[in-house]
Amino acid sequence: MLKYISILLISIFFIGCSDKNPPLNTVNKVDISKYQGKWYEIARFEHFFEKGCKNVTAFYEIKENGDLKVTNSCTKIDTNETSQANGVAYAVDETNSKLKVSFFRPFYGDYYIIDLASDYSYALVGSPDREYLWILARTKTISDELKNSILQKLPPLGFDPNKFIWTIQD
């Protein structure tokens, strides 16, 4: 009987620890020198650190050691106050499409570039657990055609497009 209970407990442990999502594929290669610079947030999955924000931007700058300095800023809708968060990021592998980003060191989150325009005019960035997702662009708006194209890609990747908060960019 003890043997069966042990097998059951081990099975529950491994099932509970398994990821319900398939691996999240990323783009083949990111040229960090082209990726650096200012990005406007077009849409996001809502989380506490961006709640009530408009005019959200991210600025990436290559540091001397090859890592990225990350500066995120937003304006609170209700107070019109601007806030800024400084972080760091580094590539996990030579593709530069999987980054680890931290604003609260020593804690790092996954930042996967899953779609990227060939001219680096927009990017779709998410996390493998499907909790985070952003549409970023070099301009404050994107065309309806591009928006619809991106939205169609999301369900097969395991993201719910209905969870998007569309960012106000004044």
# chains A, B, ... in the order shown; residues from 1 in each chain; ligands from 1
call {"tool": "residues_around", "arguments": {"residues": "Gly109 in chain A", "least_positions_apart": "4", "cutoff": "7 Å", "atoms": "only C-alpha atoms", "output": "PDB file with C-alpha atoms, in the first residue's frame"}}
result
ATOM      1  CA  LYS A 100      16.161  37.795 -18.811  1.00  0.00           C
ATOM      2  CA  VAL A 101      14.982  41.166 -17.501  1.00  0.00           C
ATOM      3  CA  SER A 102      15.082  42.515 -13.968  1.00  0.00           C
TER       4      SER A 102
END
call {"tool": "select_by_dssp", "arguments": {"residues": "range 25-72 of chain A", "states": "strand (DSSP E or B)", "output": "ChimeraX atom specification"}}
result
/A:37-45,53-62,68-72
call {"tool": "residues_around", "arguments": {"residues": "Ile135 in chain A", "least_positions_apart": "5", "cutoff": "12 Å", "atoms": "only C-alpha atoms", "output": "PDB file with N, CA and C atoms, in the first residue's frame"}}
result
ATOM      1  N   TRP A  39      10.884  52.290 -27.771  1.00  0.00           N
ATOM      2  CA  TRP A  39       9.717  51.543 -28.209  1.00  0.00           C
ATOM      3  C   TRP A  39       8.490  52.103 -27.494  1.00  0.00           C
ATOM      4  N   TYR A  40       7.386  52.218 -28.223  1.00  0.00           N
ATOM      5  CA  TYR A  40       6.110  52.613 -27.639  1.00  0.00           C
ATOM      6  C   TYR A  40       5.283  51.360 -27.396  1.00  0.00           C
ATOM      7  N   GLU A  41       4.656  51.295 -26.239  1.00  0.00           N
ATOM      8  CA  GLU A  41       3.774  50.173 -25.944  1.00  0.00           C
ATOM      9  C   GLU A  41       2.432  50.420 -26.633  1.00  0.00           C
ATOM     10  N   ILE A  42       2.042  49.499 -27.490  1.00  0.00           N
ATOM     11  CA  ILE A  42       0.766  49.575 -28.193  1.00  0.00           C
ATOM     12  C   ILE A  42      -0.314  48.869 -27.376  1.00  0.00           C
ATOM     13  N   ALA A  43       0.030  47.725 -26.804  1.00  0.00           N
ATOM     14  CA  ALA A  43      -0.915  46.948 -26.003  1.00  0.00           C
ATOM     15  C   ALA A  43      -0.136  46.070 -25.029  1.00  0.00           C
ATOM     16  N   ARG A  44      -0.830  45.648 -23.972  1.00  0.00           N
ATOM     17  CA  ARG A  44      -0.204  44.803 -22.954  1.00  0.00           C
ATOM     18  C   ARG A  44      -1.256  43.957 -22.259  1.00  0.00           C
ATOM     19  N   PHE A  45      -0.795  42.876 -21.654  1.00  0.00           N
ATOM     20  CA  PHE A  45      -1.600  42.179 -20.666  1.00  0.00           C
ATOM     21  C   PHE A  45      -1.407  42.953 -19.366  1.00  0.00           C
ATOM     22  N   VAL A  56       3.143  54.695 -22.270  1.00  0.00           N
ATOM     23  CA  VAL A  56       4.173  53.755 -21.813  1.00  0.00           C
ATOM     24  C   VAL A  56       5.231  53.601 -22.903  1.00  0.00           C
ATOM     25  N   THR A  57       6.489  53.724 -22.493  1.00  0.00           N
ATOM     26  CA  THR A  57       7.609  53.522 -23.415  1.00  0.00           C
ATOM     27  C   THR A  57       8.663  52.657 -22.739  1.00  0.00           C
ATOM     28  N   ALA A  58       9.482  52.049 -23.567  1.00  0.00           N
ATOM     29  CA  ALA A  58      10.648  51.295 -23.096  1.00  0.00           C
ATOM     30  C   ALA A  58      11.834  51.757 -23.924  1.00  0.00           C
ATOM     31  N   TYR A 112      10.598  37.082 -24.053  1.00  0.00           N
ATOM     32  CA  TYR A 112      10.815  36.369 -25.303  1.00  0.00           C
ATOM     33  C   TYR A 112      10.296  37.194 -26.476  1.00  0.00           C
ATOM     34  N   ILE A 113      11.150  37.451 -27.438  1.00  0.00           N
ATOM     35  CA  ILE A 113      10.751  38.172 -28.646  1.00  0.00           C
ATOM     36  C   ILE A 113      10.204  37.130 -29.612  1.00  0.00           C
ATOM     37  N   ILE A 114       8.873  37.118 -29.763  1.00  0.00           N
ATOM     38  CA  ILE A 114       8.228  36.046 -30.513  1.00  0.00           C
ATOM     39  C   ILE A 114       7.819  36.474 -31.921  1.00  0.00           C
ATOM     40  N   ASP A 115       7.847  37.764 -32.178  1.00  0.00           N
ATOM     41  CA  ASP A 115       7.610  38.261 -33.535  1.00  0.00           C
ATOM     42  C   ASP A 115       8.324  39.600 -33.634  1.00  0.00           C
ATOM     43  N   LEU A 116       8.929  39.857 -34.791  1.00  0.00           N
ATOM     44  CA  LEU A 116       9.713  41.067 -34.968  1.00  0.00           C
ATOM     45  C   LEU A 116       9.721  41.431 -36.447  1.00  0.00           C
ATOM     46  N   ALA A 117       9.362  42.672 -36.730  1.00  0.00           N
ATOM     47  CA  ALA A 117       9.397  43.131 -38.118  1.00  0.00           C
ATOM     48  C   ALA A 117      10.831  43.128 -38.622  1.00  0.00           C
ATOM     49  N   SER A 121      10.375  47.627 -36.804  1.00  0.00           N
ATOM     50  CA  SER A 121       9.353  48.649 -36.569  1.00  0.00           C
ATOM     51  C   SER A 121       8.321  48.215 -35.537  1.00  0.00           C
ATOM     52  N   TYR A 122       8.177  46.912 -35.304  1.00  0.00           N
ATOM     53  CA  TYR A 122       7.308  46.427 -34.234  1.00  0.00           C
ATOM     54  C   TYR A 122       7.882  45.121 -33.691  1.00  0.00           C
ATOM     55  N   ALA A 123       7.461  44.811 -32.468  1.00  0.00           N
ATOM     56  CA  ALA A 123       7.866  43.556 -31.837  1.00  0.00           C
ATOM     57  C   ALA A 123       6.703  43.027 -31.007  1.00  0.00           C
ATOM     58  N   LEU A 124       6.607  41.734 -30.931  1.00  0.00           N
ATOM     59  CA  LEU A 124       5.661  41.057 -30.054  1.00  0.00           C
ATOM     60  C   LEU A 124       6.505  40.313 -29.035  1.00  0.00           C
ATOM     61  N   VAL A 125       6.298  40.649 -27.769  1.00  0.00           N
ATOM     62  CA  VAL A 125       7.138  40.126 -26.698  1.00  0.00           C
ATOM     63  C   VAL A 125       6.254  39.472 -25.642  1.00  0.00           C
ATOM     64  N   GLY A 126       6.622  38.279 -25.229  1.00  0.00           N
ATOM     65  CA  GLY A 126       5.823  37.582 -24.234  1.00  0.00           C
ATOM     66  C   GLY A 126       6.673  36.743 -23.310  1.00  0.00           C
ATOM     67  N   LYS A 140       3.822  55.595 -32.165  1.00  0.00           N
ATOM     68  CA  LYS A 140       2.772  55.550 -31.141  1.00  0.00           C
ATOM     69  C   LYS A 140       1.561  54.726 -31.549  1.00  0.00           C
ATOM     70  N   THR A 141       1.412  54.460 -32.827  1.00  0.00           N
ATOM     71  CA  THR A 141       0.277  53.678 -33.316  1.00  0.00           C
ATOM     72  C   THR A 141       0.761  52.689 -34.379  1.00  0.00           C
ATOM     73  N   ILE A 142      -0.067  51.690 -34.618  1.00  0.00           N
ATOM     74  CA  ILE A 142       0.183  50.759 -35.719  1.00  0.00           C
ATOM     75  C   ILE A 142      -1.076  50.710 -36.577  1.00  0.00           C
ATOM     76  N   LEU A 146      -1.798  45.652 -39.458  1.00  0.00           N
ATOM     77  CA  LEU A 146      -0.775  45.029 -38.621  1.00  0.00           C
ATOM     78  C   LEU A 146      -1.382  44.527 -37.318  1.00  0.00           C
ATOM     79  N   LYS A 147      -2.223  45.316 -36.710  1.00  0.00           N
ATOM     80  CA  LYS A 147      -2.889  44.912 -35.462  1.00  0.00           C
ATOM     81  C   LYS A 147      -3.629  43.585 -35.663  1.00  0.00           C
ATOM     82  N   ASN A 148      -4.438  43.490 -36.725  1.00  0.00           N
ATOM     83  CA  ASN A 148      -5.196  42.265 -36.991  1.00  0.00           C
ATOM     84  C   ASN A 148      -4.277  41.086 -37.277  1.00  0.00           C
ATOM     85  N   SER A 149      -3.190  41.329 -37.973  1.00  0.00           N
ATOM     86  CA  SER A 149      -2.222  40.269 -38.257  1.00  0.00           C
ATOM     87  C   SER A 149      -1.618  39.715 -36.966  1.00  0.00           C
ATOM     88  N   ILE A 150      -1.259  40.612 -36.071  1.00  0.00           N
ATOM     89  CA  ILE A 150      -0.687  40.182 -34.783  1.00  0.00           C
ATOM     90  C   ILE A 150      -1.728  39.415 -33.977  1.00  0.00           C
ATOM     91  N   LEU A 151      -2.954  39.937 -33.897  1.00  0.00           N
ATOM     92  CA  LEU A 151      -4.003  39.287 -33.109  1.00  0.00           C
ATOM     93  C   LEU A 151      -4.295  37.872 -33.591  1.00  0.00           C
ATOM     94  N   LEU A 154      -1.920  35.094 -32.121  1.00  0.00           N
ATOM     95  CA  LEU A 154      -1.878  34.831 -30.686  1.00  0.00           C
ATOM     96  C   LEU A 154      -2.506  33.510 -30.236  1.00  0.00           C
ATOM     97  N   PRO A 161      -6.019  36.966 -27.000  1.00  0.00           N
ATOM     98  CA  PRO A 161      -5.968  38.366 -27.436  1.00  0.00           C
ATOM     99  C   PRO A 161      -6.974  39.259 -26.715  1.00  0.00           C
ATOM    100  N   PHE A 164      -5.801  41.811 -23.854  1.00  0.00           N
ATOM    101  CA  PHE A 164      -5.033  43.024 -24.125  1.00  0.00           C
ATOM    102  C   PHE A 164      -5.688  44.267 -23.537  1.00  0.00           C
ATOM    103  N   ILE A 165      -4.867  45.120 -22.978  1.00  0.00           N
ATOM    104  CA  ILE A 165      -5.206  46.500 -22.640  1.00  0.00           C
ATOM    105  C   ILE A 165      -4.527  47.331 -23.721  1.00  0.00           C
ATOM    106  N   TRP A 166      -5.297  48.145 -24.427  1.00  0.00           N
ATOM    107  CA  TRP A 166      -4.750  48.957 -25.502  1.00  0.00           C
ATOM    108  C   TRP A 166      -4.267  50.271 -24.897  1.00  0.00           C
ATOM    109  N   THR A 167      -2.997  50.517 -25.018  1.00  0.00           N
ATOM    110  CA  THR A 167      -2.338  51.635 -24.346  1.00  0.00           C
ATOM    111  C   THR A 167      -2.686  52.970 -25.007  1.00  0.00           C
TER     112      THR A 167
END
call {"tool": "residues_around", "arguments": {"residues": "Asn21 in chain A", "least_positions_apart": "6", "cutoff": "9 Å", "atoms": "only C-alpha atoms", "output": "PDB file with N, CA and C atoms, in the first residue's frame"}}
result
ATOM      1  N   PRO A 128       7.017  32.757 -21.481  1.00  0.00           N
ATOM      2  CA  PRO A 128       6.631  31.371 -21.770  1.00  0.00           C
ATOM      3  C   PRO A 128       5.431  30.885 -20.959  1.00  0.00           C
ATOM      4  N   ASP A 129       5.163  31.517 -19.798  1.00  0.00           N
ATOM      5  CA  ASP A 129       4.000  31.114 -19.012  1.00  0.00           C
ATOM      6  C   ASP A 129       2.709  31.770 -19.500  1.00  0.00           C
ATOM      7  N   ARG A 130       2.826  32.609 -20.542  1.00  0.00           N
ATOM      8  CA  ARG A 130       1.705  33.305 -21.192  1.00  0.00           C
ATOM      9  C   ARG A 130       1.041  34.342 -20.284  1.00  0.00           C
ATOM     10  N   GLY A 158      -0.942  30.291 -27.756  1.00  0.00           N
ATOM     11  CA  GLY A 158      -1.424  30.083 -26.392  1.00  0.00           C
ATOM     12  C   GLY A 158      -1.746  31.369 -25.649  1.00  0.00           C
TER      13      GLY A 158
END
call {"tool": "residues_around", "arguments": {"residues": "range 84-90 of chain A", "least_positions_apart": "4", "cutoff": "8 Å", "atoms": "only C-alpha atoms", "output": "JSON, numbers by chain"}}
result
{"A": [66, 67, 68, 69, 70, 71, 72, 73, 74, 99, 100, 101, 102, 103, 104]}
call {"tool": "write_last_selection", "arguments": {"atoms": "N, CA and C atoms", "output": "short mmCIF file (atom, residue, chain, number, x, y, z; two decimals), in the first residue's frame"}}
result
data_model
loop_
_atom_site.label_atom_id
_atom_site.label_comp_id
_atom_site.auth_asym_id
_atom_site.auth_seq_id
_atom_site.Cartn_x
_atom_site.Cartn_y
_atom_site.Cartn_z
N GLY A 66 27.75 44.42 -22.94
CA GLY A 66 26.87 43.73 -23.88
C GLY A 66 25.46 43.53 -23.38
N ASP A 67 25.24 43.68 -22.07
CA ASP A 67 23.89 43.60 -21.52
C ASP A 67 23.12 44.85 -21.92
N LEU A 68 21.86 44.89 -21.59
CA LEU A 68 21.03 46.03 -21.91
C LEU A 68 20.62 46.80 -20.66
N LYS A 69 20.66 48.09 -20.76
CA LYS A 69 20.05 48.96 -19.76
C LYS A 69 18.62 49.17 -20.23
N VAL A 70 17.65 48.99 -19.35
CA VAL A 70 16.25 49.11 -19.71
C VAL A 70 15.63 50.24 -18.88
N THR A 71 14.98 51.16 -19.57
CA THR A 71 14.29 52.24 -18.88
C THR A 71 12.85 52.27 -19.37
N ASN A 72 11.94 51.94 -18.47
CA ASN A 72 10.51 51.97 -18.78
C ASN A 72 9.91 53.21 -18.14
N SER A 73 9.01 53.85 -18.85
CA SER A 73 8.32 55.00 -18.27
C SER A 73 6.85 54.96 -18.63
N CYS A 74 6.03 55.61 -17.78
CA CYS A 74 4.61 55.71 -18.04
C CYS A 74 4.07 56.93 -17.32
N LEU A 99 15.46 36.93 -23.53
CA LEU A 99 16.17 37.78 -22.57
C LEU A 99 15.67 37.50 -21.16
N LYS A 100 16.52 37.75 -20.22
CA LYS A 100 16.16 37.80 -18.81
C LYS A 100 16.20 39.27 -18.42
N VAL A 101 15.10 39.75 -17.84
CA VAL A 101 14.98 41.17 -17.50
C VAL A 101 14.69 41.29 -16.01
N SER A 102 15.32 42.28 -15.39
CA SER A 102 15.08 42.51 -13.97
C SER A 102 14.94 44.00 -13.67
N PHE A 103 13.89 44.31 -12.94
CA PHE A 103 13.71 45.64 -12.36
C PHE A 103 13.83 45.55 -10.84
N PHE A 104 13.80 44.32 -10.32
CA PHE A 104 13.86 44.06 -8.89
C PHE A 104 14.90 42.97 -8.63
#
call {"tool": "select_by_dssp", "arguments": {"residues": "range 137-166 of chain A", "states": "alpha helix (DSSP H)", "output": "number ranges by chain"}}
result
A: 144-157
call {"tool": "closest_residue", "arguments": {"among": "A:Lys54, A:Lys153, A:His47, A:Lys34", "to": "Asp78 in chain A", "atoms": "only C-alpha atoms"}}
result
A:Lys54
call {"tool": "closest_residue", "arguments": {"among": "A:Gly52, A:Tyr132, A:Ala137, A:Glu64", "to": "Lys38 in chain A", "atoms": "only C-alpha atoms"}}
result
A:Ala137
call {"tool": "atom_distance", "arguments": {"atom1": "CA of Thr95 in chain A", "atom2": "CA of Lys29 in chain A"}}
result
4.5 Å
call {"tool": "atom_distance", "arguments": {"atom1": "CA of Ser127 in chain A", "atom2": "CA of Asp110 in chain A"}}
result
5.5 Å
